[in-house]
>>> print(open('protein.txt').read())   # compact mmCIF, C-alpha atoms and all ligand atoms
# COMPACT_ATOMS: atom_id res chain seq x y z
CA MET A 1 106.07 108.13 136.14
CA SER A 2 109.05 105.80 136.41
CA ASP A 3 111.77 106.29 133.80
CA LYS A 4 111.48 102.81 132.44
CA LYS A 5 108.06 101.26 132.39
CA TYR A 6 108.97 98.24 130.27
CA SER A 7 111.74 95.77 130.99
CA THR A 8 111.87 94.52 127.37
CA LEU A 9 111.85 96.34 124.04
CA GLN A 10 108.41 97.44 122.84
CA TYR A 11 108.38 97.16 119.05
CA LEU A 12 106.36 100.08 117.75
CA ASP A 13 108.42 100.09 114.55
CA ARG A 14 107.22 97.23 112.36
CA ASN A 15 103.46 97.63 111.97
CA GLU A 16 102.76 94.50 113.95
CA SER A 17 99.84 94.10 116.33
CA GLN A 18 100.51 94.58 120.00
CA TYR A 19 97.09 93.19 120.92
CA GLY A 20 97.54 89.85 119.20
CA PRO A 21 94.95 87.77 117.35
CA SER A 22 91.57 86.61 118.56
CA PRO A 23 91.87 84.60 121.81
CA LYS A 24 90.14 81.79 119.90
CA CYS A 25 93.33 81.40 117.82
CA TYR A 26 95.25 80.49 121.00
CA GLU A 27 92.53 78.02 121.99
CA TYR A 28 92.85 76.27 118.62
CA LEU A 29 96.64 76.06 118.96
CA LYS A 30 96.32 74.39 122.37
CA ASN A 31 94.23 71.64 120.81
CA VAL A 32 95.63 71.38 117.29
CA GLY A 33 95.19 67.85 115.91
CA ILE A 34 97.33 65.43 113.93
CA GLU A 35 95.45 66.17 110.69
CA ASP A 36 96.71 69.77 110.68
CA LEU A 37 100.29 68.92 111.61
CA ALA A 38 101.25 65.55 110.15
CA TRP A 39 98.98 65.17 107.15
CA TYR A 40 98.66 66.82 103.75
CA SER A 41 95.51 68.66 102.94
CA ARG A 42 92.91 66.61 101.01
CA ASP A 43 91.34 69.77 99.61
CA PHE A 44 92.79 69.51 96.12
CA SER A 45 91.00 66.21 95.54
CA ARG A 46 87.75 68.05 96.30
CA GLY A 47 88.47 70.43 93.42
CA VAL A 48 89.56 73.46 95.50
CA LYS A 49 92.98 74.71 96.56
CA SER A 50 92.14 74.98 100.21
CA LYS A 51 89.54 75.51 102.87
CA LEU A 52 90.55 79.14 103.11
CA SER A 53 90.28 79.98 99.41
CA GLU A 54 86.95 78.16 99.38
CA ARG A 55 85.71 80.15 102.37
CA ILE A 56 86.79 83.51 100.96
CA ALA A 57 85.31 82.77 97.55
CA LYS A 58 82.00 81.97 99.23
CA ASP A 59 82.06 85.13 101.40
CA PHE A 60 82.70 87.38 98.38
CA GLY A 61 80.71 85.55 95.70
CA PHE A 62 83.72 84.49 93.58
CA LYS A 63 84.61 81.21 91.94
CA GLU A 64 87.20 79.53 94.15
CA SER A 65 89.71 79.63 91.29
CA GLN A 66 89.75 83.44 91.54
CA ILE A 67 91.19 83.35 95.04
CA ILE A 68 94.98 83.01 95.30
CA ASN A 69 96.65 81.78 98.48
CA SER A 70 99.98 83.22 99.59
CA TYR A 71 102.41 83.46 102.46
CA GLY A 72 101.30 87.03 103.08
CA SER A 73 101.37 89.94 100.63
CA GLU A 74 105.13 89.99 100.29
CA ASP A 75 104.87 86.54 98.75
CA ILE A 76 102.16 87.40 96.21
CA LEU A 77 103.90 90.65 95.22
CA LYS A 78 107.08 88.71 94.58
CA GLN A 79 105.32 85.98 92.60
CA LEU A 80 103.39 88.51 90.54
CA ILE A 81 106.49 90.49 89.60
CA HIS A 82 108.57 87.38 88.94
CA ARG A 83 105.84 85.90 86.76
CA TYR A 84 104.99 88.97 84.68
CA VAL A 85 107.94 91.37 84.60
CA SER A 86 110.80 90.68 82.20
CA ARG A 87 114.22 92.27 81.97
CA GLY A 88 113.93 95.96 81.07
CA GLU A 89 110.21 96.23 81.86
CA LYS A 90 108.83 98.81 84.26
CA ILE A 91 106.67 98.69 87.33
CA LEU A 92 104.89 101.82 88.54
CA ILE A 93 104.96 102.28 92.31
CA PRO A 94 104.41 105.13 94.77
CA ARG A 95 107.44 107.28 95.54
CA GLU A 96 106.35 107.24 99.18
CA ALA A 97 106.36 103.47 99.48
CA TRP A 98 107.01 100.35 101.49
CA TRP A 99 110.72 99.62 100.91
CA TYR A 100 110.13 96.25 99.23
CA TYR A 101 108.22 97.84 96.33
CA LYS A 102 111.45 99.65 95.50
CA LYS A 103 113.44 96.45 95.40
CA VAL A 104 111.27 93.76 93.85
CA ALA A 105 111.49 94.78 90.16
CA TYR A 106 115.29 94.64 90.29
CA GLU A 107 115.14 90.96 91.31
CA VAL A 108 114.09 90.20 87.73
CA GLY A 109 116.03 92.89 85.88
CA GLY A 110 113.08 95.26 85.68
CA PHE A 111 113.02 98.76 87.08
CA ASN A 112 110.75 101.22 88.86
CA VAL A 113 109.02 104.35 87.82
CA GLU A 114 107.39 106.29 90.62
CA TYR A 115 104.32 108.41 91.12
CA PRO A 116 104.44 111.03 93.88
CA MET A 117 101.86 111.62 96.60
CA VAL A 118 100.91 115.19 97.44
CA LYS A 119 100.28 116.75 100.82
CA GLY A 120 96.88 118.12 101.81
CA GLU A 121 94.41 117.85 104.66
CA ILE A 122 91.50 115.61 105.64
CA ASP A 123 89.09 116.66 108.43
CA GLY A 124 91.57 119.23 109.71
CA VAL A 125 94.45 116.72 109.88
CA ALA A 126 97.45 116.84 107.52
CA SER A 127 97.34 114.04 105.00
CA TYR A 128 99.15 112.53 102.08
CA LEU A 129 96.87 112.22 99.05
CA TYR A 130 96.96 110.37 95.75
CA ASP A 131 97.25 112.72 92.79
CA ILE A 132 95.19 110.72 90.31
CA ASP A 133 95.69 113.06 87.37
CA LYS A 134 99.43 112.94 87.84
CA MET A 135 99.33 109.15 88.18
CA ILE A 136 97.43 108.90 84.90
CA GLN A 137 99.90 111.20 83.19
CA ILE A 138 102.84 109.10 84.38
CA TYR A 139 101.11 105.86 83.46
CA GLU A 140 100.44 107.07 79.92
CA ARG A 141 103.98 108.27 79.50
CA GLU A 142 105.71 105.19 80.92
CA ARG A 143 103.36 102.32 79.97
CA PRO A 144 104.52 100.05 82.81
CA ARG A 145 103.88 96.32 82.80
CA VAL A 146 102.65 96.32 86.41
CA VAL A 147 101.13 99.11 88.51
CA VAL A 148 101.17 98.91 92.31
CA ILE A 149 98.72 100.86 94.43
CA ALA A 150 98.84 100.50 98.19
CA SER A 151 95.67 101.49 99.94
CA PRO A 152 96.14 102.27 102.75
CA ASN A 153 99.73 103.09 101.90
CA ASN A 154 102.75 102.40 104.08
CA PRO A 155 104.27 104.61 105.51
CA THR A 156 101.95 107.52 104.68
CA GLY A 157 98.76 105.92 106.03
CA ASN A 158 96.38 107.43 103.45
CA LYS A 159 93.94 105.47 101.30
CA MET A 160 92.47 105.84 97.86
CA ASP A 161 88.71 106.25 97.70
CA SER A 162 86.82 103.98 95.35
CA ASP A 163 85.86 106.74 92.83
CA GLN A 164 89.51 107.71 92.42
CA LEU A 165 90.41 104.07 92.11
CA TYR A 166 87.82 103.48 89.40
CA LYS A 167 89.08 106.44 87.38
CA PHE A 168 92.65 105.17 87.56
CA LEU A 169 91.80 101.52 86.82
CA ASP A 170 89.80 102.60 83.82
CA VAL A 171 92.93 104.17 82.32
CA CYS A 172 95.27 101.30 83.26
CA ARG A 173 93.46 98.50 81.45
CA GLY A 174 96.63 97.69 79.50
CA ALA A 175 98.70 96.90 82.62
CA ILE A 176 98.43 94.43 85.44
CA VAL A 177 97.29 96.38 88.49
CA MET A 178 97.95 95.17 92.00
CA ILE A 179 96.14 96.84 94.86
CA ASP A 180 97.96 96.02 98.05
CA GLU A 181 95.40 96.18 100.83
CA ALA A 182 97.71 94.89 103.56
CA TYR A 183 96.24 97.50 105.94
CA TRP A 184 92.61 96.78 105.05
CA GLY A 185 90.24 97.06 108.00
CA PHE A 186 91.81 99.76 110.15
CA GLY A 187 90.16 102.67 108.32
CA SER A 188 87.18 100.84 106.88
CA THR A 189 85.95 97.29 106.49
CA ASP A 190 84.11 98.08 103.26
CA ASN A 191 84.25 95.26 100.71
CA SER A 192 81.51 96.40 98.36
CA TYR A 193 83.86 97.38 95.51
CA VAL A 194 85.82 94.11 95.42
CA LYS A 195 83.56 91.90 93.30
CA PRO A 196 82.45 94.59 90.82
CA TYR A 197 86.01 95.81 90.25
CA ILE A 198 87.49 92.32 89.84
CA ASP A 199 84.65 91.48 87.43
CA GLU A 200 85.15 94.64 85.40
CA PHE A 201 88.97 94.72 85.33
CA PRO A 202 90.35 91.33 84.29
CA ASN A 203 93.98 92.45 84.88
CA LEU A 204 93.31 93.49 88.46
CA ILE A 205 94.52 91.71 91.58
CA ILE A 206 93.53 92.86 95.06
CA CYS A 207 95.85 91.48 97.75
CA ARG A 208 95.07 91.07 101.42
CA THR A 209 96.90 89.61 104.34
CA PHE A 210 96.15 88.23 107.79
CA SER A 211 99.29 89.93 109.12
CA LYS A 212 97.89 93.32 110.07
CA TYR A 213 94.19 93.66 110.91
CA PHE A 214 93.98 90.01 111.95
CA ALA A 215 97.30 90.13 113.84
CA LEU A 216 98.71 86.89 112.40
CA ALA A 217 101.96 88.16 110.86
CA GLY A 218 103.98 85.26 112.23
CA SER A 219 101.62 82.77 110.58
CA ARG A 220 102.50 84.16 107.11
CA ILE A 221 99.16 83.97 105.45
CA GLY A 222 97.34 86.08 102.89
CA PHE A 223 95.07 85.83 99.88
CA SER A 224 94.19 87.74 96.74
CA PHE A 225 91.22 88.26 94.46
CA ALA A 226 92.41 87.82 90.90
CA GLY A 227 90.80 89.00 87.66
CA ASN A 228 90.07 86.64 84.79
CA ASN A 229 93.16 87.46 82.73
CA LEU A 230 95.54 86.36 85.48
CA GLU A 231 95.29 82.65 84.73
CA GLU A 232 99.06 82.14 84.56
CA LEU A 233 99.49 83.62 88.01
CA LYS A 234 96.78 81.37 89.37
CA GLY A 235 98.60 78.35 87.95
CA TYR A 236 101.99 79.59 89.11
CA THR A 237 100.83 80.05 92.70
CA THR A 238 98.83 76.83 93.06
CA ARG A 239 100.29 74.14 95.35
CA TYR A 240 98.70 70.74 94.88
CA LEU A 241 99.82 69.41 98.26
CA GLY A 242 98.17 72.31 99.97
CA TYR A 243 99.24 75.16 102.19
CA ASN A 244 100.00 75.63 105.86
CA LEU A 245 96.95 74.09 107.49
CA VAL A 246 97.60 75.60 110.90
CA SER A 247 97.80 79.07 109.39
CA GLU A 248 94.66 78.50 107.36
CA ASN A 249 92.73 77.39 110.41
CA LEU A 250 93.96 80.40 112.36
CA ALA A 251 92.86 82.67 109.50
CA ILE A 252 89.37 81.14 109.41
CA ILE A 253 89.04 81.42 113.18
CA ALA A 254 90.06 85.08 112.89
CA LEU A 255 87.48 85.74 110.16
CA ASP A 256 84.85 84.24 112.43
CA ASP A 257 85.69 86.57 115.30
CA MET A 258 85.13 90.01 113.77
CA PRO A 259 83.72 91.41 117.06
CA TYR A 260 87.18 90.94 118.65
CA TYR A 261 88.91 92.80 115.81
CA GLU A 262 86.29 95.54 115.75
CA LYS A 263 86.87 96.11 119.46
CA VAL A 264 90.64 96.39 118.97
CA THR A 265 90.21 98.68 115.97
CA LYS A 266 87.95 100.97 117.98
CA MET A 267 90.65 101.30 120.66
CA MET A 268 93.21 102.05 117.98
CA GLN A 269 90.91 104.64 116.44
CA ASP A 270 90.60 106.36 119.82
CA ASP A 271 94.38 106.34 120.09
CA LYS A 272 94.78 107.85 116.64
CA GLU A 273 92.56 110.72 117.78
CA TYR A 274 94.74 110.99 120.89
CA PHE A 275 97.90 111.07 118.74
CA TYR A 276 96.50 113.73 116.39
CA LYS A 277 95.63 115.89 119.38
CA GLU A 278 98.83 115.37 121.35
CA PHE A 279 101.31 115.60 118.46
CA SER A 280 99.62 118.72 117.10
CA LYS A 281 100.29 120.45 120.44
CA LEU A 282 104.05 119.85 120.14
CA ASP A 283 106.16 122.46 118.37
CA GLY A 284 107.41 121.28 114.99
CA PHE A 285 105.45 118.00 115.04
CA THR A 286 102.86 117.12 112.37
CA PRO A 287 100.82 113.92 112.58
CA TYR A 288 99.38 112.60 109.30
CA LYS A 289 95.92 111.15 108.84
CA SER A 290 96.06 107.39 109.17
CA TYR A 291 93.75 104.66 107.94
CA SER A 292 96.24 102.08 109.15
CA ASN A 293 97.71 100.62 112.33
CA PHE A 294 100.51 103.19 112.30
CA MET A 295 100.92 106.92 111.99
CA LEU A 296 103.46 109.01 110.15
CA VAL A 297 104.65 111.97 112.23
CA ASP A 298 106.91 114.72 111.00
CA MET A 299 109.36 115.92 113.67
CA PRO A 300 112.14 118.50 113.91
CA LYS A 301 115.21 117.00 112.27
CA GLU A 302 117.59 118.15 114.99
CA ILE A 303 115.95 116.10 117.76
CA ARG A 304 115.72 112.80 115.90
CA LYS A 305 118.94 111.20 117.04
CA ASP A 306 118.58 112.15 120.68
CA LEU A 307 114.90 111.27 120.81
CA ASP A 308 115.62 107.86 119.30
CA LYS A 309 118.26 107.25 121.98
CA PHE A 310 116.00 108.52 124.76
CA LEU A 311 113.13 106.25 123.69
CA LYS A 312 115.41 103.25 123.29
CA GLU A 313 116.66 103.78 126.82
CA ARG A 314 113.00 103.46 127.83
CA ASN A 315 112.66 100.31 125.75
CA ILE A 316 110.49 101.87 123.04
CA LEU A 317 111.33 101.50 119.38
CA ILE A 318 109.68 103.67 116.74
CA LYS A 319 110.87 103.97 113.17
CA PHE A 320 112.84 107.08 112.31
CA LEU A 321 112.65 106.93 108.52
CA ASP A 322 115.73 107.79 106.55
CA GLU A 323 115.13 107.43 102.85
CA GLU A 324 114.80 109.66 99.84
CA ALA A 325 111.15 110.58 100.36
CA PHE A 326 111.35 110.81 104.16
CA LYS A 327 114.10 112.60 105.99
CA THR A 328 112.24 114.08 108.95
CA GLU A 329 109.33 111.67 109.35
CA THR A 330 108.88 108.93 111.91
CA ARG A 331 106.50 106.01 111.54
CA ILE A 332 104.88 104.97 114.79
CA THR A 333 103.07 101.65 114.98
CA LEU A 334 100.01 101.94 117.17
CA GLY A 335 100.57 99.96 120.34
CA THR A 336 98.24 99.18 123.18
CA GLN A 337 96.60 102.17 124.82
CA GLU A 338 99.11 101.90 127.66
CA GLN A 339 102.08 101.85 125.26
CA ASN A 340 100.72 104.77 123.26
CA LYS A 341 100.22 106.88 126.35
CA TYR A 342 103.68 106.03 127.61
CA LEU A 343 105.17 107.01 124.25
CA ILE A 344 103.49 110.43 124.26
CA GLU A 345 104.46 111.06 127.88
CA SER A 346 108.03 110.05 127.13
CA ILE A 347 108.28 112.37 124.13
CA LYS A 348 106.91 115.22 126.23
CA GLU A 349 109.43 114.48 128.93
CA PHE A 350 112.23 114.45 126.39
CA LEU A 351 111.14 117.82 125.04
CA LYS A 352 111.12 119.34 128.56
CA LYS A 353 114.81 118.55 129.02
C1 LIG A 401 102.32 97.89 102.27
C2 LIG A 401 102.72 96.52 102.71
N1 LIG A 401 102.41 95.49 101.93
C3 LIG A 401 102.75 94.23 102.30
C4 LIG A 401 103.42 93.98 103.47
C5 LIG A 401 103.81 92.57 103.79
O1 LIG A 401 102.88 91.98 104.58
P1 LIG A 401 102.76 90.39 104.74
O2 LIG A 401 103.05 90.12 106.15
O3 LIG A 401 101.38 90.08 104.34
O4 LIG A 401 103.76 89.76 103.81
C6 LIG A 401 103.74 95.03 104.32
C7 LIG A 401 104.46 94.76 105.58
O5 LIG A 401 104.71 95.59 106.40
C8 LIG A 401 103.38 96.34 103.92
O6 LIG A 401 103.68 97.38 104.69
>>> encode(input="protein.txt", output="structure tokens")
Amino acid sequence: MSDKKYSTLQYLDRNESQYGPSPKCYEYLKNVGIEDLAWYSRDFSRGVKSKLSERIAKDFGFKESQIINSYGSEDILKQLIHRYVSRGEKILIPREAWWYYKKVAYEVGGFNVEYPMVKGEIDGVASYLYDIDKMIQIYERERPRVVVIASPNNPTGNKMDSDQLYKFLDVCRGAIVMIDEAYWGFGSTDNSYVKPYIDEFPNLIICRTFSKYFALAGSRIGFSFAGNNLEELKGYTTRYLGYNLVSENLAIIALDDMPYYEKVTKMMQDDKEYFYKEFSKLDGFTPYKSYSNFMLVDMPKEIRKDLDKFLKERNILIKFLDEEAFKTETRITLGTQEQNKYLIESIKEFLKK
């Protein structure tokens, strides 16, 4: 194997897709018309926010008004917190969390309280797990204004099953609960709980994005299912002149090409199995169960700096986490099968030195 397979940096550090979106998205972009570039949407005069919210409402059996459009999940998280959290109020977030959860409450003078994940095992693989009883205890003690659940969670990769979720939502009826499903699709494409839960819990919002599973991060597009009490948020997020029409068309094309995404997800699933097997063979390495497009791997602390340098010299970037909850863990975004194999071979080569 040559020392340096890639002549440019391979970004396996930001949970982006290395496969890209459906080829049909590129076809659309080659032929995009004036109506999507130079004109405003006419959708509002038809009584809907957009073609995309209309399409998603139809797919899931919602009224169109219950679908919120956003520039990805970062955008809806920000709007939700800015709309509902006042100075001095609390939001409840995971301790093992995406960095932006830790920051967003402070933008409006609120602050965080955290619930911890615990470590366990699923199917013989180490895993982070939600501790629902502990979460309930913390919720009841702190009475936060907003609760954030990420499922699957970044960077731990675990997900909450729907029974656990129901138990927790049942307790949190007094708060606004956001379920961030940015990594929906990689572990399961189940949608059966969405309509019943949104119908039963009027303070619930389930947020999805086209950035991850659908590989459209650069198009900045997402949507949410919003419960009936979230009227103010629906008003706050509505844009009468419409949204990014190119992004919306790309999103609809992606939704219509599930076979492409299923094929990619299958390859990624095979590579997760490969990672579990290969990392488990290495002394001091522990891979964690992942329902996402990345995997958390614990590594010996003393090799981190040198391994990072070694991989960068080979044009591979992975994310060596350095935060309160993660001092020895690395988050690896799943790449193509070729990139993943090269990464494992490179780590093995490093360890032989
Ligand atoms: C848990 C989580 N939520 C939301 C986002 C933001 O995604 P989007 O591109 O939809 O804004 C990320 C991005 O990495 C994430 O990890």
>>> residues_near_ligand(input="protein.txt", ligand="ligand LIG 401 (chain A)", cutoff="6 Å", atoms="only C-alpha atoms and all ligand atoms", output="list in words")
Gly72, Ser73, Glu74, Trp98, Ala150, Asn153, Asn154, Asp180, Ala182, Thr209, Ser211, Ala217 and Gly222 of chain A
>>> write_last_selection(input="protein.txt", atoms="C-alpha atoms", output="compact mmCIF listing (two decimals), in the frame of the given file")
# COMPACT_ATOMS: atom_id res chain seq x y z
CA GLY A 72 101.30 87.03 103.08
CA SER A 73 101.37 89.94 100.63
CA GLU A 74 105.13 89.99 100.29
CA TRP A 98 107.01 100.35 101.49
CA ALA A 150 98.84 100.50 98.19
CA ASN A 153 99.73 103.09 101.90
CA ASN A 154 102.75 102.40 104.08
CA ASP A 180 97.96 96.02 98.05
CA ALA A 182 97.71 94.89 103.56
CA THR A 209 96.90 89.61 104.34
CA SER A 211 99.29 89.93 109.12
CA ALA A 217 101.96 88.16 110.86
CA GLY A 222 97.34 86.08 102.89
>>> axis_aligned_box(input="protein.txt", around="range 111-118 of chain A", padding_each_side="4 Å", output="lines of an AutoDock Vina configuration file")
center_x = 107.0
center_y = 107.0
center_z = 92.3
size_x = 20.1
size_y = 24.4
size_z = 18.4
>>> closest_residue(input="protein.txt", among="A:Ile56, A:Phe326, A:Lys212, A:Met299", to="Glu16 in chain A", atoms="all atoms listed in the file")
A:Lys212
>>> residues_around(input="protein.txt", residues="range 47-49 of chain A", least_positions_apart="4", cutoff="10 Å", atoms="only C-alpha atoms", output="PDB file with C-alpha atoms, keeping the file's coordinate frame")
ATOM      1  CA  SER A  41      95.510  68.660 102.940  1.00  0.00           C
ATOM      2  CA  ARG A  42      92.910  66.610 101.010  1.00  0.00           C
ATOM      3  CA  ASP A  43      91.340  69.770  99.610  1.00  0.00           C
ATOM      4  CA  SER A  53      90.280  79.980  99.410  1.00  0.00           C
ATOM      5  CA  GLU A  54      86.950  78.160  99.380  1.00  0.00           C
ATOM      6  CA  LYS A  63      84.610  81.210  91.940  1.00  0.00           C
ATOM      7  CA  GLU A  64      87.200  79.530  94.150  1.00  0.00           C
ATOM      8  CA  SER A  65      89.710  79.630  91.290  1.00  0.00           C
ATOM      9  CA  ILE A  67      91.190  83.350  95.040  1.00  0.00           C
ATOM     10  CA  ILE A  68      94.980  83.010  95.300  1.00  0.00           C
ATOM     11  CA  ASN A  69      96.650  81.780  98.480  1.00  0.00           C
ATOM     12  CA  THR A 238      98.830  76.830  93.060  1.00  0.00           C
ATOM     13  CA  ARG A 239     100.290  74.140  95.350  1.00  0.00           C
ATOM     14  CA  TYR A 240      98.700  70.740  94.880  1.00  0.00           C
ATOM     15  CA  LEU A 241      99.820  69.410  98.260  1.00  0.00           C
ATOM     16  CA  GLY A 242      98.170  72.310  99.970  1.00  0.00           C
ATOM     17  CA  TYR A 243      99.240  75.160 102.190  1.00  0.00           C
TER      18      TYR A 243
END
>>> atom_distance(input="protein.txt", atom1="CA of Leu9 in chain A", atom2="CA of Glu313 in chain A")
9.3 Å
>>> residues_around(input="protein.txt", residues="range 162-167 of chain A", least_positions_apart="2", cutoff="9 Å", atoms="all atoms listed in the file", output="PyMOL selection string")
chain A and resi 130+132+160+169-171+193+197
>>> closest_residue(input="protein.txt", among="A:Ser127, A:Gln137, A:Thr333, A:Ser17", to="Lys159 in chain A", atoms="all atoms listed in the file")
A:Ser127
>>> residues_near_point(input="protein.txt", point="(98.1, 106.3, 79.2)", cutoff="12 Å", atoms="all atoms listed in the file", output="list of chain:residue names")
A:Asp133, A:Lys134, A:Met135, A:Ile136, A:Gln137, A:Ile138, A:Tyr139, A:Glu140, A:Arg141, A:Glu142, A:Arg143, A:Pro144, A:Phe168, A:Leu169, A:Asp170, A:Val171, A:Cys172, A:Arg173, A:Gly174, A:Ala175
>>> closest_residue(input="protein.txt", among="A:Met268, A:Met117, A:Cys207, A:Leu129", to="Glu338 in chain A", atoms="all atoms listed in the file")
A:Met268
>>> residues_near_point(input="protein.txt", point="(113.1, 118.3, 112.1)", cutoff="9 Å", atoms="all atoms listed in the file", output="PDB file with C-alpha atoms, keeping the file's coordinate frame")
ATOM      1  CA  GLY A 284     107.410 121.280 114.990  1.00  0.00           C
ATOM      2  CA  PHE A 285     105.450 118.000 115.040  1.00  0.00           C
ATOM      3  CA  ASP A 298     106.910 114.720 111.000  1.00  0.00           C
ATOM      4  CA  MET A 299     109.360 115.920 113.670  1.00  0.00           C
ATOM      5  CA  PRO A 300     112.140 118.500 113.910  1.00  0.00           C
ATOM      6  CA  LYS A 301     115.210 117.000 112.270  1.00  0.00           C
ATOM      7  CA  GLU A 302     117.590 118.150 114.990  1.00  0.00           C
ATOM      8  CA  ILE A 303     115.950 116.100 117.760  1.00  0.00           C
ATOM      9  CA  ARG A 304     115.720 112.800 115.900  1.00  0.00           C
ATOM     10  CA  LYS A 327     114.100 112.600 105.990  1.00  0.00           C
ATOM     11  CA  THR A 328     112.240 114.080 108.950  1.00  0.00           C
ATOM     12  CA  GLU A 329     109.330 111.670 109.350  1.00  0.00           C
TER      13      GLU A 329
END
>>> closest_residue(input="protein.txt", among="A:Glu35, A:Asp123, A:Glu248, A:Asp190", to="Tyr276 in chain A", atoms="all atoms listed in the file")
A:Asp123
>>> atom_distance(input="protein.txt", atom1="CA of Asp13 in chain A", atom2="CA of Met295 in chain A")
10.5 Å
>>> decode(input="protein.txt", residues="range 10-61 of chain A", atoms="C-alpha atoms", output="mmCIF file, in the first residue's frame")
data_model
loop_
_atom_site.group_PDB
_atom_site.id
_atom_site.type_symbol
_atom_site.label_atom_id
_atom_site.label_comp_id
_atom_site.auth_asym_id
_atom_site.auth_seq_id
_atom_site.Cartn_x
_atom_site.Cartn_y
_atom_site.Cartn_z
ATOM 1 C CA GLN A 10 -10.524 13.265 3.152
ATOM 2 C CA TYR A 11 -12.968 14.751 5.651
ATOM 3 C CA LEU A 12 -14.072 11.934 7.917
ATOM 4 C CA ASP A 13 -14.586 14.409 10.757
ATOM 5 C CA ARG A 14 -17.834 16.271 10.130
ATOM 6 C CA ASN A 15 -20.539 13.648 9.637
ATOM 7 C CA GLU A 16 -20.996 14.561 6.007
ATOM 8 C CA SER A 17 -21.722 12.061 3.271
ATOM 9 C CA GLN A 18 -18.831 10.904 1.147
ATOM 10 C CA TYR A 19 -21.175 9.233 -1.338
ATOM 11 C CA GLY A 20 -23.167 12.345 -2.163
ATOM 12 C CA PRO A 21 -26.878 12.644 -2.898
ATOM 13 C CA SER A 22 -28.934 10.747 -5.434
ATOM 14 C CA PRO A 23 -27.495 11.145 -8.963
ATOM 15 C CA LYS A 24 -30.929 12.520 -9.902
ATOM 16 C CA CYS A 25 -30.127 15.620 -7.812
ATOM 17 C CA TYR A 26 -27.186 16.387 -10.137
ATOM 18 C CA GLU A 27 -29.404 15.870 -13.179
ATOM 19 C CA TYR A 28 -31.896 18.421 -11.837
ATOM 20 C CA LEU A 29 -29.128 20.952 -11.177
ATOM 21 C CA LYS A 30 -27.896 20.659 -14.769
ATOM 22 C CA ASN A 31 -31.344 21.633 -16.018
ATOM 23 C CA VAL A 32 -32.611 23.964 -13.306
ATOM 24 C CA GLY A 33 -35.087 26.486 -14.729
ATOM 25 C CA ILE A 34 -35.717 30.203 -14.317
ATOM 26 C CA GLU A 35 -38.729 29.593 -12.044
ATOM 27 C CA ASP A 36 -36.503 28.053 -9.363
ATOM 28 C CA LEU A 37 -33.761 30.661 -9.593
ATOM 29 C CA ALA A 38 -35.261 34.039 -10.483
ATOM 30 C CA TRP A 39 -38.814 33.835 -9.217
ATOM 31 C CA TYR A 40 -40.500 33.716 -5.817
ATOM 32 C CA SER A 41 -42.493 30.687 -4.907
ATOM 33 C CA ARG A 42 -46.249 30.992 -5.572
ATOM 34 C CA ASP A 43 -47.012 28.351 -2.960
ATOM 35 C CA PHE A 44 -48.231 30.699 -0.255
ATOM 36 C CA SER A 45 -51.072 31.894 -2.472
ATOM 37 C CA ARG A 46 -52.188 28.258 -2.710
ATOM 38 C CA GLY A 47 -52.547 28.168 1.081
ATOM 39 C CA VAL A 48 -49.377 26.156 1.862
ATOM 40 C CA LYS A 49 -45.873 27.233 2.861
ATOM 41 C CA SER A 50 -44.124 25.225 0.210
ATOM 42 C CA LYS A 51 -44.111 22.220 -2.047
ATOM 43 C CA LEU A 52 -41.896 20.405 0.417
ATOM 44 C CA SER A 53 -44.037 20.956 3.516
ATOM 45 C CA GLU A 54 -47.056 19.961 1.444
ATOM 46 C CA ARG A 55 -45.342 16.779 0.276
ATOM 47 C CA ILE A 56 -44.185 15.767 3.751
ATOM 48 C CA ALA A 57 -47.581 16.467 5.287
ATOM 49 C CA LYS A 58 -49.159 14.205 2.671
ATOM 50 C CA ASP A 59 -46.610 11.402 3.197
ATOM 51 C CA PHE A 60 -47.160 11.392 6.971
ATOM 52 C CA GLY A 61 -50.868 12.217 7.150
#
